[in-house]
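Student: Input file: protein.cif. Contents: mmCIF, C-alpha atoms and all ligand atoms; chains and numbers go by the auth columns.
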data_my_file
#
loop_
_atom_site.group_PDB
_atom_site.id
_atom_site.type_symbol
_atom_site.label_atom_id
_atom_site.label_comp_id
_atom_site.label_asym_id
_atom_site.label_seq_id
_atom_site.Cartn_x
_atom_site.Cartn_y
_atom_site.Cartn_z
_atom_site.B_iso_or_equiv
_atom_site.auth_seq_id
_atom_site.auth_asym_id
ATOM 1 C CA MET A 1 33.047 39.940 -4.759 0.00 1 A
ATOM 2 C CA GLU A 2 32.561 39.040 -8.435 0.00 2 A
ATOM 3 C CA MET A 3 32.176 41.872 -10.958 0.00 3 A
ATOM 4 C CA LYS A 4 28.848 42.260 -12.719 0.00 4 A
ATOM 5 C CA ASN A 5 28.683 40.075 -15.845 0.00 5 A
ATOM 6 C CA SER A 6 31.820 38.196 -14.824 0.00 6 A
ATOM 7 C CA PRO A 7 32.243 34.597 -16.110 0.00 7 A
ATOM 8 C CA ALA A 8 31.064 33.327 -12.696 0.00 8 A
ATOM 9 C CA GLN A 9 27.910 35.449 -12.869 0.00 9 A
ATOM 10 C CA HIS A 10 27.246 34.264 -16.403 0.00 10 A
ATOM 11 C CA ILE A 11 27.546 30.587 -15.324 0.00 11 A
ATOM 12 C CA ALA A 12 25.291 31.156 -12.304 0.00 12 A
ATOM 13 C CA ALA A 13 22.675 32.796 -14.556 0.00 13 A
ATOM 14 C CA LEU A 14 22.893 29.877 -17.012 0.00 14 A
ATOM 15 C CA ILE A 15 22.361 27.372 -14.183 0.00 15 A
ATOM 16 C CA GLU A 16 19.402 29.375 -12.926 0.00 16 A
ATOM 17 C CA ARG A 17 17.788 29.480 -16.382 0.00 17 A
ATOM 18 C CA ILE A 18 18.376 25.766 -16.974 0.00 18 A
ATOM 19 C CA GLY A 19 16.857 25.031 -13.551 0.00 19 A
ATOM 20 C CA ARG A 20 13.763 27.061 -14.406 0.00 20 A
ATOM 21 C CA LEU A 21 13.441 25.416 -17.818 0.00 21 A
ATOM 22 C CA LEU A 22 13.666 21.926 -16.302 0.00 22 A
ATOM 23 C CA SER A 23 11.196 22.837 -13.602 0.00 23 A
ATOM 24 C CA THR A 24 8.665 24.111 -16.177 0.00 24 A
ATOM 25 C CA GLU A 25 9.061 20.951 -18.273 0.00 25 A
ATOM 26 C CA ALA A 26 8.593 18.787 -15.170 0.00 26 A
ATOM 27 C CA HIS A 27 4.883 19.670 -14.973 0.00 27 A
ATOM 28 C CA ALA A 28 4.132 16.594 -17.043 0.00 28 A
ATOM 29 C CA GLU A 29 2.003 13.435 -16.989 0.00 29 A
ATOM 30 C CA GLY A 30 -0.090 14.952 -14.182 0.00 30 A
ATOM 31 C CA LEU A 31 2.894 15.180 -11.805 0.00 31 A
ATOM 32 C CA LEU A 32 4.677 18.104 -10.171 0.00 32 A
ATOM 33 C CA PRO A 33 8.458 18.657 -10.481 0.00 33 A
ATOM 34 C CA VAL A 34 9.027 17.480 -6.888 0.00 34 A
ATOM 35 C CA GLN A 35 7.103 14.270 -7.592 0.00 35 A
ATOM 36 C CA TRP A 36 9.333 13.529 -10.596 0.00 36 A
ATOM 37 C CA GLU A 37 12.371 14.165 -8.400 0.00 37 A
ATOM 38 C CA ALA A 38 11.037 11.693 -5.849 0.00 38 A
ATOM 39 C CA LEU A 39 10.534 9.035 -8.548 0.00 39 A
ATOM 40 C CA ARG A 40 14.072 9.566 -9.870 0.00 40 A
ATOM 41 C CA TYR A 41 15.472 9.438 -6.352 0.00 41 A
ATOM 42 C CA LEU A 42 13.769 6.117 -5.597 0.00 42 A
ATOM 43 C CA ASP A 43 15.085 4.757 -8.888 0.00 43 A
ATOM 44 C CA LYS A 44 18.722 5.505 -8.081 0.00 44 A
ATOM 45 C CA ALA A 45 18.935 5.340 -4.257 0.00 45 A
ATOM 46 C CA ASN A 46 20.301 2.223 -2.570 0.00 46 A
ATOM 47 C CA ARG A 47 18.184 0.071 -0.238 0.00 47 A
ATOM 48 C CA PHE A 48 19.357 1.911 2.922 0.00 48 A
ATOM 49 C CA SER A 49 18.242 5.258 1.524 0.00 49 A
ATOM 50 C CA ARG A 50 14.751 4.540 0.218 0.00 50 A
ATOM 51 C CA THR A 51 12.941 6.130 3.172 0.00 51 A
ATOM 52 C CA ALA A 52 10.880 9.296 3.562 0.00 52 A
ATOM 53 C CA ALA A 53 13.540 10.764 5.897 0.00 53 A
ATOM 54 C CA ALA A 54 16.350 10.250 3.370 0.00 54 A
ATOM 55 C CA LEU A 55 14.206 11.600 0.539 0.00 55 A
ATOM 56 C CA THR A 56 13.389 14.669 2.657 0.00 56 A
ATOM 57 C CA ALA A 57 17.107 15.274 3.244 0.00 57 A
ATOM 58 C CA TYR A 58 17.857 14.779 -0.459 0.00 58 A
ATOM 59 C CA LEU A 59 15.210 17.253 -1.592 0.00 59 A
ATOM 60 C CA GLY A 60 15.882 19.740 1.206 0.00 60 A
ATOM 61 C CA LEU A 61 12.139 20.238 1.713 0.00 61 A
ATOM 62 C CA THR A 62 9.893 19.979 4.745 0.00 62 A
ATOM 63 C CA LYS A 63 8.741 16.614 6.056 0.00 63 A
ATOM 64 C CA GLY A 64 5.098 17.597 5.382 0.00 64 A
ATOM 65 C CA THR A 65 5.702 18.499 1.723 0.00 65 A
ATOM 66 C CA VAL A 66 7.561 15.250 1.049 0.00 66 A
ATOM 67 C CA SER A 67 4.972 13.176 2.872 0.00 67 A
ATOM 68 C CA GLN A 68 2.189 14.792 0.792 0.00 68 A
ATOM 69 C CA SER A 69 4.092 14.055 -2.444 0.00 69 A
ATOM 70 C CA LEU A 70 4.662 10.442 -1.405 0.00 70 A
ATOM 71 C CA ASN A 71 0.964 10.022 -0.584 0.00 71 A
ATOM 72 C CA THR A 72 0.068 11.329 -4.053 0.00 72 A
ATOM 73 C CA LEU A 73 2.571 8.995 -5.733 0.00 73 A
ATOM 74 C CA GLU A 74 1.256 6.075 -3.700 0.00 74 A
ATOM 75 C CA ALA A 75 -2.374 6.941 -4.576 0.00 75 A
ATOM 76 C CA LYS A 76 -1.390 7.017 -8.269 0.00 76 A
ATOM 77 C CA GLY A 77 0.118 3.529 -7.900 0.00 77 A
ATOM 78 C CA LEU A 78 3.651 4.747 -8.706 0.00 78 A
ATOM 79 C CA VAL A 79 5.283 4.151 -5.292 0.00 79 A
ATOM 80 C CA LYS A 80 4.709 1.521 -2.621 0.00 80 A
ATOM 81 C CA LYS A 81 5.486 1.713 1.098 0.00 81 A
ATOM 82 C CA LEU A 82 6.467 -1.404 3.024 0.00 82 A
ATOM 83 C CA VAL A 83 7.163 -1.720 6.752 0.00 83 A
ATOM 84 C CA ASN A 84 10.909 -1.730 7.363 0.00 84 A
ATOM 85 C CA ARG A 85 11.742 -5.047 9.062 0.00 85 A
ATOM 86 C CA LYS A 86 14.741 -3.518 10.873 0.00 86 A
ATOM 87 C CA ASP A 87 12.896 -0.411 12.073 0.00 87 A
ATOM 88 C CA ARG A 88 9.123 -0.816 12.176 0.00 88 A
ATOM 89 C CA ARG A 89 8.622 2.935 12.738 0.00 89 A
ATOM 90 C CA SER A 90 9.917 3.731 9.252 0.00 90 A
ATOM 91 C CA LYS A 91 8.595 2.583 5.886 0.00 91 A
ATOM 92 C CA HIS A 92 10.722 1.303 3.063 0.00 92 A
ATOM 93 C CA LEU A 93 9.795 2.968 -0.236 0.00 93 A
ATOM 94 C CA SER A 94 10.079 1.568 -3.727 0.00 94 A
ATOM 95 C CA LEU A 95 8.832 2.204 -7.232 0.00 95 A
ATOM 96 C CA THR A 96 6.050 0.009 -8.546 0.00 96 A
ATOM 97 C CA ALA A 97 6.238 -1.440 -12.065 0.00 97 A
ATOM 98 C CA LYS A 98 3.925 1.437 -13.092 0.00 98 A
ATOM 99 C CA GLY A 99 6.352 3.955 -11.543 0.00 99 A
ATOM 100 C CA GLN A 100 9.296 2.404 -13.386 0.00 100 A
ATOM 101 C CA LYS A 101 7.358 2.465 -16.651 0.00 101 A
ATOM 102 C CA LEU A 102 6.436 6.126 -16.166 0.00 102 A
ATOM 103 C CA LEU A 103 10.105 7.022 -15.697 0.00 103 A
ATOM 104 C CA LEU A 104 10.665 5.979 -19.320 0.00 104 A
ATOM 105 C CA ARG A 105 8.640 9.116 -20.156 0.00 105 A
ATOM 106 C CA ASP A 106 10.569 11.307 -17.704 0.00 106 A
ATOM 107 C CA PRO A 107 10.551 14.914 -19.011 0.00 107 A
ATOM 108 C CA LEU A 108 14.246 15.106 -18.038 0.00 108 A
ATOM 109 C CA ASN A 109 15.013 12.603 -20.836 0.00 109 A
ATOM 110 C CA VAL A 110 15.061 15.418 -23.415 0.00 110 A
ATOM 111 C CA THR A 111 17.944 17.055 -21.544 0.00 111 A
ATOM 112 C CA VAL A 112 19.667 13.699 -20.998 0.00 112 A
ATOM 113 C CA ALA A 113 19.610 13.139 -24.786 0.00 113 A
ATOM 114 C CA VAL A 114 21.264 16.535 -25.386 0.00 114 A
ATOM 115 C CA LEU A 115 23.957 15.804 -22.782 0.00 115 A
ATOM 116 C CA ASP A 116 24.525 12.356 -24.309 0.00 116 A
ATOM 117 C CA GLU A 117 25.679 14.117 -27.480 0.00 117 A
ATOM 118 C CA LEU A 118 28.564 15.725 -25.569 0.00 118 A
ATOM 119 C CA GLU A 119 30.293 12.398 -24.786 0.00 119 A
ATOM 120 C CA GLY A 120 33.921 12.035 -23.542 0.00 120 A
ATOM 121 C CA VAL A 121 35.898 14.964 -22.169 0.00 121 A
ATOM 122 C CA PRO A 122 33.172 17.697 -22.246 0.00 122 A
ATOM 123 C CA GLN A 123 30.824 15.378 -20.352 0.00 123 A
ATOM 124 C CA ARG A 124 33.472 14.566 -17.712 0.00 124 A
ATOM 125 C CA THR A 125 34.470 18.234 -17.355 0.00 125 A
ATOM 126 C CA LEU A 126 30.854 19.308 -16.889 0.00 126 A
ATOM 127 C CA THR A 127 30.236 16.505 -14.379 0.00 127 A
ATOM 128 C CA THR A 128 33.286 17.437 -12.290 0.00 128 A
ATOM 129 C CA ALA A 129 32.428 21.141 -12.275 0.00 129 A
ATOM 130 C CA LEU A 130 28.758 20.638 -11.389 0.00 130 A
ATOM 131 C CA GLU A 131 29.535 18.008 -8.721 0.00 131 A
ATOM 132 C CA SER A 132 32.029 20.343 -7.124 0.00 132 A
ATOM 133 C CA LEU A 133 29.552 23.260 -7.177 0.00 133 A
ATOM 134 C CA LEU A 134 26.746 21.135 -5.747 0.00 134 A
ATOM 135 C CA THR A 135 28.961 19.680 -2.990 0.00 135 A
ATOM 136 C CA SER A 136 30.157 23.130 -2.014 0.00 136 A
ATOM 137 C CA ARG A 137 26.623 24.622 -1.918 0.00 137 A
ATOM 138 C CA LEU A 138 25.152 21.646 -0.031 0.00 138 A
ATOM 139 C CA GLY A 139 28.087 21.661 2.397 0.00 139 A
ATOM 140 C CA ALA A 140 27.455 25.339 3.162 0.00 140 A
ATOM 141 C CA GLN A 141 23.923 24.375 4.223 0.00 141 A
ATOM 142 C CA GLY A 142 25.137 21.353 6.227 0.00 142 A
ATOM 143 C CA ARG A 143 23.405 18.928 3.849 0.00 143 A
ATOM 144 C CA GLN A 144 24.576 15.495 2.705 0.00 144 A
ATOM 145 C CA PRO A 145 26.017 15.034 -0.797 0.00 145 A
ATOM 146 C CA PHE A 146 24.162 11.769 -1.645 0.00 146 A
ATOM 147 C CA GLY A 147 27.059 10.697 -3.849 0.00 147 A
ATOM 148 C CA GLN A 148 27.583 7.319 -5.453 0.00 148 A
ATOM 149 C CA CYS A 149 28.433 4.342 -3.257 0.00 149 A
ATOM 150 C CA ARG A 150 31.607 3.468 -5.174 0.00 150 A
ATOM 151 C CA ASP A 151 33.078 6.891 -4.270 0.00 151 A
ATOM 152 C CA CYS A 152 32.394 6.467 -0.527 0.00 152 A
ATOM 153 C CA CYS A 153 35.211 6.071 2.017 0.00 153 A
ATOM 154 C CA TYR A 154 33.323 3.074 3.508 0.00 154 A
ATOM 155 C CA PHE A 155 33.042 1.220 0.178 0.00 155 A
ATOM 156 C CA ALA A 156 35.260 -1.898 0.176 0.00 156 A
ATOM 157 C CA ASN A 157 35.751 -3.094 -3.387 0.00 157 A
ATOM 158 C CA ARG A 158 35.614 -6.914 -3.761 0.00 158 A
ATOM 159 C CA HIS A 159 35.860 -7.534 -0.038 0.00 159 A
ATOM 160 C CA PRO A 160 36.007 -11.129 1.349 0.00 160 A
ATOM 161 C CA LYS A 161 32.803 -10.467 3.376 0.00 161 A
ATOM 162 C CA GLY A 162 31.081 -8.811 0.392 0.00 162 A
ATOM 163 C CA ASN A 163 28.838 -9.803 -2.513 0.00 163 A
ATOM 164 C CA PRO A 164 31.166 -8.813 -4.140 0.00 164 A
ATOM 165 C CA HIS A 165 31.509 -5.415 -2.344 0.00 165 A
ATOM 166 C CA TYR A 166 31.047 -4.493 1.300 0.00 166 A
ATOM 167 C CA CYS A 167 29.932 -1.438 3.307 0.00 167 A
ATOM 168 C CA GLN A 168 32.325 -0.903 6.218 0.00 168 A
ATOM 169 C CA LEU A 169 29.945 1.563 7.886 0.00 169 A
ATOM 170 C CA LEU A 170 26.745 -0.479 7.860 0.00 170 A
ATOM 171 C CA GLY A 171 28.395 -3.926 7.838 0.00 171 A
ATOM 172 C CA GLU A 172 26.320 -4.962 4.805 0.00 172 A
ATOM 173 C CA LYS A 173 27.127 -6.833 1.618 0.00 173 A
ATOM 174 C CA LEU A 174 26.763 -4.793 -1.569 0.00 174 A
ATOM 175 C CA ALA A 175 25.876 -6.194 -4.974 0.00 175 A
ATOM 176 C CA GLU A 176 27.681 -5.031 -8.109 0.00 176 A
ATOM 177 C CA SER A 177 24.611 -3.009 -9.174 0.00 177 A
ATOM 178 C CA GLU A 178 24.622 -1.131 -5.829 0.00 178 A
ATOM 179 C CA ALA A 179 28.067 0.397 -6.445 0.00 179 A
ATOM 180 C CA ALA A 180 26.527 3.030 -8.708 0.00 180 A
ATOM 181 C CA ALA A 181 23.544 3.778 -6.423 0.00 181 A
ATOM 182 C CA ILE A 182 23.347 6.933 -4.316 0.00 182 A
ATOM 183 C CA CYS A 183 23.276 6.734 -0.512 0.00 183 A
ATOM 184 C CA PHE A 184 22.132 8.821 2.444 0.00 184 A
ATOM 185 C CA GLU A 185 25.292 7.903 4.388 0.00 185 A
ATOM 186 C CA GLN A 186 27.738 8.454 1.521 0.00 186 A
ATOM 187 C CA THR A 187 30.967 10.168 2.566 0.00 187 A
ATOM 188 C CA THR A 188 33.194 10.951 -0.373 0.00 188 A
ATOM 189 C CA LYS A 189 36.796 9.699 -0.173 0.00 189 A
ATOM 190 C CA ARG A 190 39.321 12.471 0.259 0.00 190 A
ATOM 191 C CA ALA A 191 41.603 12.877 -2.795 0.00 191 A
HETATM 192 S S1 LIG B . 29.732 2.269 1.367 0.00 1 B
HETATM 193 FE FE1 LIG B . 29.027 4.347 1.843 0.00 1 B
HETATM 194 S S2 LIG B . 27.636 4.831 0.191 0.00 1 B
HETATM 195 FE FE2 LIG B . 27.881 2.603 0.182 0.00 1 B
HETATM 196 S S3 LIG B . 26.249 1.809 1.459 0.00 1 B
HETATM 197 FE FE3 LIG B . 28.017 2.120 2.800 0.00 1 B
HETATM 198 S S4 LIG B . 27.762 4.192 3.638 0.00 1 B
HETATM 199 FE FE4 LIG B . 26.394 4.013 1.859 0.00 1 B
#
Using the file provided, produce a representation of the structure as structure tokens.

Tutor:
Amino acid sequence: MEMKNSPAQHIAALIERIGRLLSTEAHAEGLLPVQWEALRYLDKANRFSRTAAALTAYLGLTKGTVSQSLNTLEAKGLVKKLVNRKDRRSKHLSLTAKGQKLLLRDPLNVTVAVLDELEGVPQRTLTTALESLLTSRLGAQGRQPFGQCRDCCYFANRHPKGNPHYCQLLGEKLAESEAAAICFEQTTKRA
């Protein structure tokens, strides 16, 4: 058990306050924080993960809440739903041009600009620490990490069957731009 006001407690309190600050700022442009999160998710998720089910798992919310948010985003013309050709029961989600344009005014950009100032080692140290904390907390709840494709154990870099990369789990070609996308099925390589 950590002592009161220990370094760990101080860090946890800082994370909590930052989370609250970001959540307050994310009531912007007529959207709710969860709706901004959904837009960001659809912007960075790969093509296998742009579904309501994957978004629900990513957000850790109920199916009903996510479905309501998606309906609002669709009604605002920010997200479109297309029938998935491989599985007609599920819809493939994507951002519209209006949704992409709105993301340029993402309230999170203020924080991104501050973090950009850190550069180099502090940025890498912070990334490693926060990734490790998030993975540990998600793992404790049995939730997926949604890490980047290039860090996945199924990612085959410049594979003969790829374009230029290849997913050994789904048997699909992966474009260069997809290596940095996040994925529902991502399983981080063991060190
Ligand atoms: S390599 Fe991993 S992260 Fe990339 S598409 Fe395949 S399962 Fe998803």

Student: Can I get the residues of chain A within 8 Å of ligand LIG 1 (chain B), each with the closest pair of atoms and their distance in Å to one decimal, using only C-alpha atoms and all ligand atoms, sorted chain first then ascending number, as a tab-separated table?

Tutor:
residue	atom	partner	partner_atom	distance
A:Asn46	CA	B:LIG1	S3	7.2
A:Phe48	CA	B:LIG1	S3	7.0
A:Phe146	CA	B:LIG1	S2	8.0
A:Gly147	CA	B:LIG1	S2	7.1
A:Gln148	CA	B:LIG1	S2	6.2
A:Cys149	CA	B:LIG1	S2	3.6
A:Arg150	CA	B:LIG1	FE2	6.6
A:Asp151	CA	B:LIG1	S2	7.3
A:Cys152	CA	B:LIG1	FE1	4.6
A:Cys153	CA	B:LIG1	FE1	6.4
A:Tyr154	CA	B:LIG1	S1	4.3
A:Phe155	CA	B:LIG1	S1	3.7
A:Ala156	CA	B:LIG1	S1	7.0
A:Tyr166	CA	B:LIG1	S1	6.9
A:Cys167	CA	B:LIG1	FE3	4.1
A:Gln168	CA	B:LIG1	FE3	6.3
A:Leu169	CA	B:LIG1	S4	5.5
A:Leu170	CA	B:LIG1	FE3	5.8
A:Gly171	CA	B:LIG1	FE3	7.9
A:Glu172	CA	B:LIG1	S3	7.6
A:Leu174	CA	B:LIG1	S3	7.3
A:Glu178	CA	B:LIG1	FE2	7.8
A:Ala179	CA	B:LIG1	FE2	7.0
A:Ala181	CA	B:LIG1	S2	7.8
A:Ile182	CA	B:LIG1	S2	6.6
A:Cys183	CA	B:LIG1	FE4	4.8
A:Phe184	CA	B:LIG1	FE4	6.5
A:Glu185	CA	B:LIG1	S4	4.5
A:Gln186	CA	B:LIG1	S2	3.9
A:Thr187	CA	B:LIG1	FE1	6.2

Student: Would you translate the PyMOL selection byres (((chain A and resi 91) around 6) and not hetatm) into the concrete set of residues it matches in this file, as JSON, numbers by chain?

Tutor: {"A": [81, 82, 83, 84, 90, 92]}

Student: Evaluate the PyMOL selection byres (((chain A and resi 59) around 10) and not hetatm) against this structure - the residues, as a list in words, please.

Tutor: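 Selection result, ordered by chain and number: Val34, Glu37, Ala38, Tyr41, Ala54, Leu55, Thr56, Ala57, Tyr58, Gly60, Leu61, Thr62, Val66 and Arg143 of chain A.
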
Student: Translate the PyMOL selection byres (((chain A and resi 78) around 12) and not hetatm) into a concrete residue list for this structure, as JSON, numbers by chain.

Tutor: {"A": [31, 35, 36, 38, 39, 40, 42, 43, 69, 70, 71, 72, 73, 74, 75, 76, 77, 79, 80, 81, 93, 94, 95, 96, 97, 98, 99, 100, 101, 102, 103]}

Student: Restricting the calculation to all atoms listed in the file: of A:Ala175, A:Ala129, A:Ala140, A:Val112, which residue gets closest to Ile15 in chain A?

Tutor: A:Ala129

Student: Around all the atoms of range 153-169 of chain A listed in the file, with 4 Å of room on each side, what axis-aligned box do you get, giving centre and edge lengths in Å to one decimal, as AutoDock Vina command-line options?

Tutor:
--center_x 32.4 --center_y -2.5 --center_z 1.9 --size_x 15.2 --size_y 25.2 --size_z 20.0

Student: Between CA of Pro145 in chain A and CA of Thr188 in chain A, measure the distance and give it in Å to one decimal.

Tutor: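 About the pair CA of Pro145 in chain A and CA of Thr188 in chain A: they are 8.3 Å apart.
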
Student: Using all atoms listed in the file, which of A:Thr125, A:Gly19, A:Gln141, A:Arg50 sits nearest Pro33 in chain A?

Tutor: A:Gly19

Student: Counting all atoms listed in the file, which of A:Leu32, A:Val121, A:Leu108, A:Ala45 gets nearest to Ile18 in chain A?

Tutor: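 Looking only at the distances to Ile18 in chain A, the closest residue turns out to be A:Leu108.
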
Student: Find the distance between CA of Arg158 in chain A and CA of Glu176 in chain A and write it in Å to one decimal.

Tutor: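 Computing it gives 9.2 Å between the two atoms.
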
Student: Go ahead and compute the interatomic distance for CA of Gln9 in chain A and CA of Gly120 in chain A, in Å to one decimal.

Tutor: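 So the answer is 26.4 Å.
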
Student: Which one is closest to Leu22 in chain A: A:Gln68, A:Asn5, A:Asn163, A:Thr111? Count only C-alpha atoms.

Tutor: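 Distance minimum relative to Leu22 in chain A lands on A:Thr111.
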
Student: Using only C-alpha atoms, find the one residue out of A:Arg85, A:Glu29, A:Leu134, A:Gln144 that sits nearest to Leu104 in chain A.

Tutor: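 Of A:Arg85, A:Glu29, A:Leu134, A:Gln144, the one nearest Leu104 in chain A is A:Glu29, counting only C-alpha atoms.
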
Student: N, CA and C atoms for range 154-167 of chain A, written as a PDB file, in the coordinates of the input, could you do that?

Tutor:
ATOM      1  N   TYR A 154      33.657   4.354   2.854  1.00  0.00           N
ATOM      2  CA  TYR A 154      33.323   3.074   3.508  1.00  0.00           C
ATOM      3  C   TYR A 154      33.132   1.940   2.505  1.00  0.00           C
ATOM      4  N   PHE A 155      33.259   2.232   1.220  1.00  0.00           N
ATOM      5  CA  PHE A 155      33.042   1.220   0.178  1.00  0.00           C
ATOM      6  C   PHE A 155      34.287   0.341   0.062  1.00  0.00           C
ATOM      7  N   ALA A 156      34.127  -0.972   0.304  1.00  0.00           N
ATOM      8  CA  ALA A 156      35.260  -1.898   0.176  1.00  0.00           C
ATOM      9  C   ALA A 156      35.043  -2.722  -1.084  1.00  0.00           C
ATOM     10  N   ASN A 157      35.873  -2.437  -2.086  1.00  0.00           N
ATOM     11  CA  ASN A 157      35.751  -3.094  -3.387  1.00  0.00           C
ATOM     12  C   ASN A 157      36.172  -4.564  -3.289  1.00  0.00           C
ATOM     13  N   ARG A 158      35.331  -5.467  -3.743  1.00  0.00           N
ATOM     14  CA  ARG A 158      35.614  -6.914  -3.761  1.00  0.00           C
ATOM     15  C   ARG A 158      36.222  -7.382  -2.435  1.00  0.00           C
ATOM     16  N   HIS A 159      35.437  -7.199  -1.399  1.00  0.00           N
ATOM     17  CA  HIS A 159      35.860  -7.534  -0.038  1.00  0.00           C
ATOM     18  C   HIS A 159      35.506  -8.998   0.269  1.00  0.00           C
ATOM     19  N   PRO A 160      36.328  -9.725   1.047  1.00  0.00           N
ATOM     20  CA  PRO A 160      36.007 -11.129   1.349  1.00  0.00           C
ATOM     21  C   PRO A 160      34.620 -11.316   1.978  1.00  0.00           C
ATOM     22  N   LYS A 161      34.130 -10.333   2.757  1.00  0.00           N
ATOM     23  CA  LYS A 161      32.803 -10.467   3.376  1.00  0.00           C
ATOM     24  C   LYS A 161      31.688  -9.992   2.436  1.00  0.00           C
ATOM     25  N   GLY A 162      32.063  -9.463   1.266  1.00  0.00           N
ATOM     26  CA  GLY A 162      31.081  -8.811   0.392  1.00  0.00           C
ATOM     27  C   GLY A 162      30.413  -9.711  -0.627  1.00  0.00           C
ATOM     28  N   ASN A 163      29.589  -9.057  -1.480  1.00  0.00           N
ATOM     29  CA  ASN A 163      28.838  -9.803  -2.513  1.00  0.00           C
ATOM     30  C   ASN A 163      28.749  -9.021  -3.813  1.00  0.00           C
ATOM     31  N   PRO A 164      29.766  -8.586  -4.509  1.00  0.00           N
ATOM     32  CA  PRO A 164      31.166  -8.813  -4.140  1.00  0.00           C
ATOM     33  C   PRO A 164      31.726  -7.690  -3.254  1.00  0.00           C
ATOM     34  N   HIS A 165      30.981  -6.555  -3.113  1.00  0.00           N
ATOM     35  CA  HIS A 165      31.509  -5.415  -2.344  1.00  0.00           C
ATOM     36  C   HIS A 165      30.914  -5.406  -0.935  1.00  0.00           C
ATOM     37  N   TYR A 166      31.441  -4.493  -0.111  1.00  0.00           N
ATOM     38  CA  TYR A 166      31.047  -4.493   1.300  1.00  0.00           C
ATOM     39  C   TYR A 166      31.017  -3.057   1.830  1.00  0.00           C
ATOM     40  N   CYS A 167      30.009  -2.770   2.671  1.00  0.00           N
ATOM     41  CA  CYS A 167      29.932  -1.438   3.307  1.00  0.00           C
ATOM     42  C   CYS A 167      30.536  -1.546   4.706  1.00  0.00           C
TER      43      CYS A 167
END
